[in-house]
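Asker: Got a structure here, written out as structure tokens. Questions coming.
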Amino acid sequence: MFKDKKITIFTFFLMTVLTVSVKTYFAYYVDLSLGVKGIVQNLILLLNPYSLVALILSTLLFFKGRKAFWLVFTGGTLLTLLLYSNVVYFRFFSDFLTFSTLNQVSNVESMSGALWSSFQWYDFVYFLDTIVYLVLLTVKRDVLSTQSFKRKFVPVMMGVSIALFFINLAFAEMDRPELLTRTFDHKYLVKYLGPYNFTVYDGVKTIQNNQQKAMASADDLTRLQSYTKTKYAEPNKKYFGVAKEKNIIKIHLESFQTEIIGLKVNGKEVTPYLNQLATGNDDFIYYSNFFHSTGQGKTSDAELTMDNSMYGLQQGSAFSLKSDNTFQSLPAILHQKQHYSTSVMHGDYKTFWNRDQIYKRFGIDKFYDATYYDMSEENLENLGLKDKEFFKESIPYLKKETKPFYSHLITLTNHYPFTVDPSEATIASPNTGDATVDGYVQTARYLDEAVRQFMTDLKKNGLYDDSVIMIYGDHYGISENHNKAMGQLIGETVTPAKFMDLQRTGLFLKVPGIKGHVDPTYASQVDVMPTILHLTGIDAKPYTIFGTDLLSKKHRQVVVFRNGDFITPEIKSLNGVFYDNKTNAQLTDEKLIAKATKIKNTVATELEMSDSLLNGDLLRFYNNKEFKKINPADYEYQNGTVSSMK
């Protein structure tokens, strides 16, 4: 093989396998927070890049001459691009690319500023070997041997690659049983399988999900409804119907985490107005243990869950992937039962997250997108319209709404990479050394001021007193990639258990006739829909929903996370390990462990049920006089023009 002292195709193949794998290790330890612990997990990490890289590239050894070199080079380059795309995506979303997320590429242009902020100075490392090999193939071609690899040995190479995969999988199953069947967390899959095998796994799952819809039947819906009915929590008679036909104003706080409630930086409160509401001495009930339950869809998942009491998809965004599904949404029920007019207001363009399509399925009458607002350069920051300008310009639209109305306002400024004009930064940076955390403090203060201004404007325009007002965070703002700086900010080490605490996004709920107070009830976004239904005097029982009424005496205090973790007043379940929720110490009490195991199994069932609802589009089989299916053809959203065809 080396007799002519030239680089043979087999040597080039080995070089490419090695350098792609080394880059993968670099990504594991520099960019990807996989939570690797112990010798076994590090050994798995050492093994997992090789199998699929070697398998793919070994098939190219069948070719001869320079074509074989170019094909191996192309294969290595494509694998590098896949790796680097995952690195950039992980920095931004703390997750990995899936075939589902590729349907969201229309969002990239709107988020280009945030994506640019994800690039790092050392990123050239990912392409260093690619450049060297390209020079080798184009400038130093004389060092390449045209001697072909003996084809009879190619199946041997492929067999070795496959054997490496099964060895990897065996170690993975030892450390994480039922990895491929029960895991909801992409980080675990990448940690144990590697990014390349994960992509194959994701492709198989995507095909299976598409098949689910084709194979679903009305019997599946019957089984699902049998499950959701067992969760029904009857309304509290004291509160049932107290908000009947009251306006409902829903304020969606982008990337808001309640860890900053009460936090001071340089002696100043970060969110003084929301701090005031959180005391319970104002008009608002403050749910201090309210968590988000979003997955890859982030903001869109929060919208889906709040309005439909179901969970987002395991992979991708339902807004992008299931926009032709049948839904049984809160705004549609309110319209059908009590003649609510419904609207969404947002300072971004209507195609982002495919909202112009999915809202038609939710029965949203009017969608005030960016074309309704003054999008002059001075009014923009980061992804779109500044929150203060957005709220100010939304007041006239709210005043024109036919009462009772249900209006959902989505903020934008407090979004990664958390930038604000220096002239509008009214609190000094905490100077943690992490630009993301430092910026978050300043944009959170700006958001707080915007909400205060909006509440004042609602009062001035007679829209405050007679309205139910919801204020909530959609999902976390600071990912675990910034735990060190976040710990510095809050004065506490951010352990995995503490990071779960940081998933609180808060719910502030003002209901005319109900006095403000602090409620420590554990709840999540899935519980909002049945709560609002009961407040407006509509029984939630006929509908297919997963949450329970927050005000019901039978409310279920189990918060389900999209990755299968959960938290209750007693227990935290994190990556299959159970902790005491008060002390964060690992559970040792056998009775509590048994209780936690039972809850964990129920959580897994619930997520599987929710996935079947979405993947099978089961509500298309719904036939009940309580709800008339939405016809999306009844709705059309024109640029800058209110146009519901209903």
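To be explicit about the labels: the chains of the structure tokens are called A, B, and onward in the order shown, and within each one the residues are counted from 1, while ligands get numbers from 1 in the order they are shown.
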Extract the full set of helix (DSSP H, G or I) residues from region 446-582 of chain A according to DSSP on the backbone, and format it as an MDAnalysis selection string.

Answerer: chainID A and resid 446:460 480:490 496:501 525:535

Asker: Near region 28-44 of chain A, counting only C-alpha atoms, which residues have an atom at most 10 Å away, once you skip same-chain residues fewer than 6 positions from it, shown as a PyMOL selection string?

Answerer: chain A and resi 22+86-88+90-91+94-96+120+167-172+174-176+186-195+480-481+496

Asker: Can you tell me, as an MDAnalysis selection string, what residues are no more than 8 Å from region 240-246 of chain A when counting only C-alpha atoms, ignoring any on the same chain fewer than 3 positions away?

Answerer: chainID A and resid 235:237 338 340 404:405 466:468 511:513 534:538

Asker: Got time to write the residues from that selection, N, CA, C and O atoms, as a compact mmCIF listing (two decimals), in the first residue's frame?

Answerer:
# COMPACT_ATOMS: atom_id res chain seq x y z
N PRO A 235 -64.33 21.99 38.24
CA PRO A 235 -64.08 23.40 38.61
C PRO A 235 -64.43 23.69 40.06
O PRO A 235 -65.29 23.04 40.66
N ASN A 236 -63.76 24.66 40.61
CA ASN A 236 -64.07 25.18 41.93
C ASN A 236 -65.32 26.06 41.80
O ASN A 236 -65.32 27.05 41.07
N LYS A 237 -66.39 25.68 42.48
CA LYS A 237 -67.66 26.40 42.33
C LYS A 237 -67.53 27.88 42.66
O LYS A 237 -68.26 28.72 42.13
N GLN A 338 -69.14 31.66 23.53
CA GLN A 338 -69.51 32.97 24.08
C GLN A 338 -69.23 34.12 23.11
O GLN A 338 -69.16 35.28 23.51
N TYR A 340 -66.69 35.26 21.44
CA TYR A 340 -65.49 36.07 21.54
C TYR A 340 -64.94 36.37 20.15
O TYR A 340 -64.94 35.50 19.27
N PRO A 404 -66.99 40.53 23.82
CA PRO A 404 -65.73 40.24 24.52
C PRO A 404 -64.67 39.77 23.52
O PRO A 404 -64.99 39.14 22.52
N PHE A 405 -63.42 40.07 23.82
CA PHE A 405 -62.35 39.65 22.92
C PHE A 405 -61.27 38.87 23.65
O PHE A 405 -61.11 39.00 24.86
N ASP A 466 -62.16 45.51 33.37
CA ASP A 466 -63.12 44.48 32.99
C ASP A 466 -62.48 43.34 32.20
O ASP A 466 -63.16 42.63 31.48
N SER A 467 -61.17 43.16 32.35
CA SER A 467 -60.47 42.14 31.56
C SER A 467 -59.72 41.15 32.45
O SER A 467 -59.20 41.52 33.50
N VAL A 468 -59.72 39.91 31.99
CA VAL A 468 -58.79 38.92 32.54
C VAL A 468 -57.46 39.18 31.85
O VAL A 468 -57.40 39.31 30.62
N VAL A 511 -57.96 38.41 37.51
CA VAL A 511 -59.35 38.04 37.22
C VAL A 511 -60.26 39.01 37.98
O VAL A 511 -60.18 39.08 39.21
N PRO A 512 -61.10 39.76 37.28
CA PRO A 512 -62.01 40.66 37.98
C PRO A 512 -62.82 39.91 39.04
O PRO A 512 -63.40 38.86 38.77
N GLY A 513 -62.79 40.42 40.25
CA GLY A 513 -63.54 39.79 41.33
C GLY A 513 -62.73 38.85 42.20
O GLY A 513 -63.21 38.39 43.23
N HIS A 534 -62.87 27.32 32.72
CA HIS A 534 -63.71 27.31 33.92
C HIS A 534 -63.98 28.71 34.44
O HIS A 534 -65.08 28.99 34.92
N LEU A 535 -63.02 29.61 34.34
CA LEU A 535 -63.26 30.99 34.76
C LEU A 535 -64.35 31.65 33.92
O LEU A 535 -65.13 32.46 34.42
N THR A 536 -64.42 31.29 32.65
CA THR A 536 -65.44 31.87 31.77
C THR A 536 -66.74 31.07 31.79
O THR A 536 -67.67 31.37 31.04
N GLY A 537 -66.81 30.05 32.64
CA GLY A 537 -68.06 29.30 32.78
C GLY A 537 -68.25 28.21 31.75
O GLY A 537 -69.38 27.76 31.51
N ILE A 538 -67.16 27.74 31.13
CA ILE A 538 -67.23 26.67 30.13
C ILE A 538 -66.57 25.43 30.73
O ILE A 538 -65.39 25.46 31.08

Asker: If we count only C-alpha atoms and set the cut-off at 7 Å, which residues sit around Phe149 (chain A), ignoring sequence neighbours fewer than 2 positions away in its own chain? Please answer as number ranges by chain.

Answerer: A: 9-10, 61, 147, 151

Asker: Please dump the current selection as a PDB file, in the first residue's frame; keep N, CA and C atoms.

Answerer:
ATOM      1  N   ILE A   9      -5.603   5.627  -1.446  1.00  0.00           N
ATOM      2  CA  ILE A   9      -6.988   5.966  -1.116  1.00  0.00           C
ATOM      3  C   ILE A   9      -7.353   5.430   0.271  1.00  0.00           C
ATOM      4  N   PHE A  10      -6.778   4.284   0.658  1.00  0.00           N
ATOM      5  CA  PHE A  10      -7.080   3.741   1.979  1.00  0.00           C
ATOM      6  C   PHE A  10      -6.496   4.633   3.078  1.00  0.00           C
ATOM      7  N   LEU A  61     -14.892   3.400  -1.120  1.00  0.00           N
ATOM      8  CA  LEU A  61     -13.668   2.709  -1.509  1.00  0.00           C
ATOM      9  C   LEU A  61     -13.898   1.771  -2.695  1.00  0.00           C
ATOM     10  N   GLN A 147      -3.490   3.893  -7.167  1.00  0.00           N
ATOM     11  CA  GLN A 147      -3.729   2.471  -6.873  1.00  0.00           C
ATOM     12  C   GLN A 147      -5.053   2.296  -6.136  1.00  0.00           C
ATOM     13  N   ARG A 151     -11.397  -4.289  -3.750  1.00  0.00           N
ATOM     14  CA  ARG A 151     -12.834  -4.255  -3.439  1.00  0.00           C
ATOM     15  C   ARG A 151     -13.275  -5.360  -2.492  1.00  0.00           C
TER      16      ARG A 151
END

Asker: I need the residue nearest Leu14 (chain A) from this list: A:Val53, A:Ala27, A:Leu614, A:Ile469. Use only C-alpha atoms for the distance.

Answerer: A:Val53

Asker: For region 124-139 of chain A, please output as a list in words all residues within 7 Å (counting only C-alpha atoms; exclusion window: fewer than 3 positions along the same chain).

Answerer: Thr19, Lys23, Thr77 and Tyr84 of chain A

Asker: Kindly give the distance, in Å, that separates CA of Asp202 (chain A) and CA of Leu180 (chain A), rounded to a single decimal.

Answerer: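 One can read the CA of Asp202 (chain A) to CA of Leu180 (chain A) distance as 10.5 Å.
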
Asker: Using only C-alpha atoms, which residues sit within 12 Å of Asp589 (chain A) once same-chain residues fewer than 6 positions away are excluded, as a short mmCIF file (atom, residue, chain, number, x, y, z; two decimals) with N, CA and C atoms, in the first residue's frame?

Answerer:
data_model
loop_
_atom_site.label_atom_id
_atom_site.label_comp_id
_atom_site.auth_asym_id
_atom_site.auth_seq_id
_atom_site.Cartn_x
_atom_site.Cartn_y
_atom_site.Cartn_z
N ILE A 571 -40.76 16.08 44.66
CA ILE A 571 -39.76 15.31 43.91
C ILE A 571 -39.35 16.02 42.63
N PHE A 578 -33.83 10.65 40.76
CA PHE A 578 -34.84 11.32 41.57
C PHE A 578 -34.17 12.12 42.70
N TYR A 579 -34.67 13.34 42.91
CA TYR A 579 -34.12 14.23 43.93
C TYR A 579 -35.23 14.76 44.83
N ASP A 580 -34.86 15.10 46.04
CA ASP A 580 -35.77 15.81 46.94
C ASP A 580 -35.90 17.24 46.42
N LYS A 595 -42.80 6.02 44.52
CA LYS A 595 -43.77 7.03 44.10
C LYS A 595 -43.26 7.76 42.87
N ALA A 596 -41.97 8.13 42.89
CA ALA A 596 -41.38 8.85 41.77
C ALA A 596 -41.38 8.00 40.50
#

Asker: Show which residues sit within 8 Å of Ile251 (chain A), as a PyMOL selection string. Count only C-alpha atoms, and ignore same-chain residues fewer than 4 positions away.

Answerer: chain A and resi 408-411+469-472
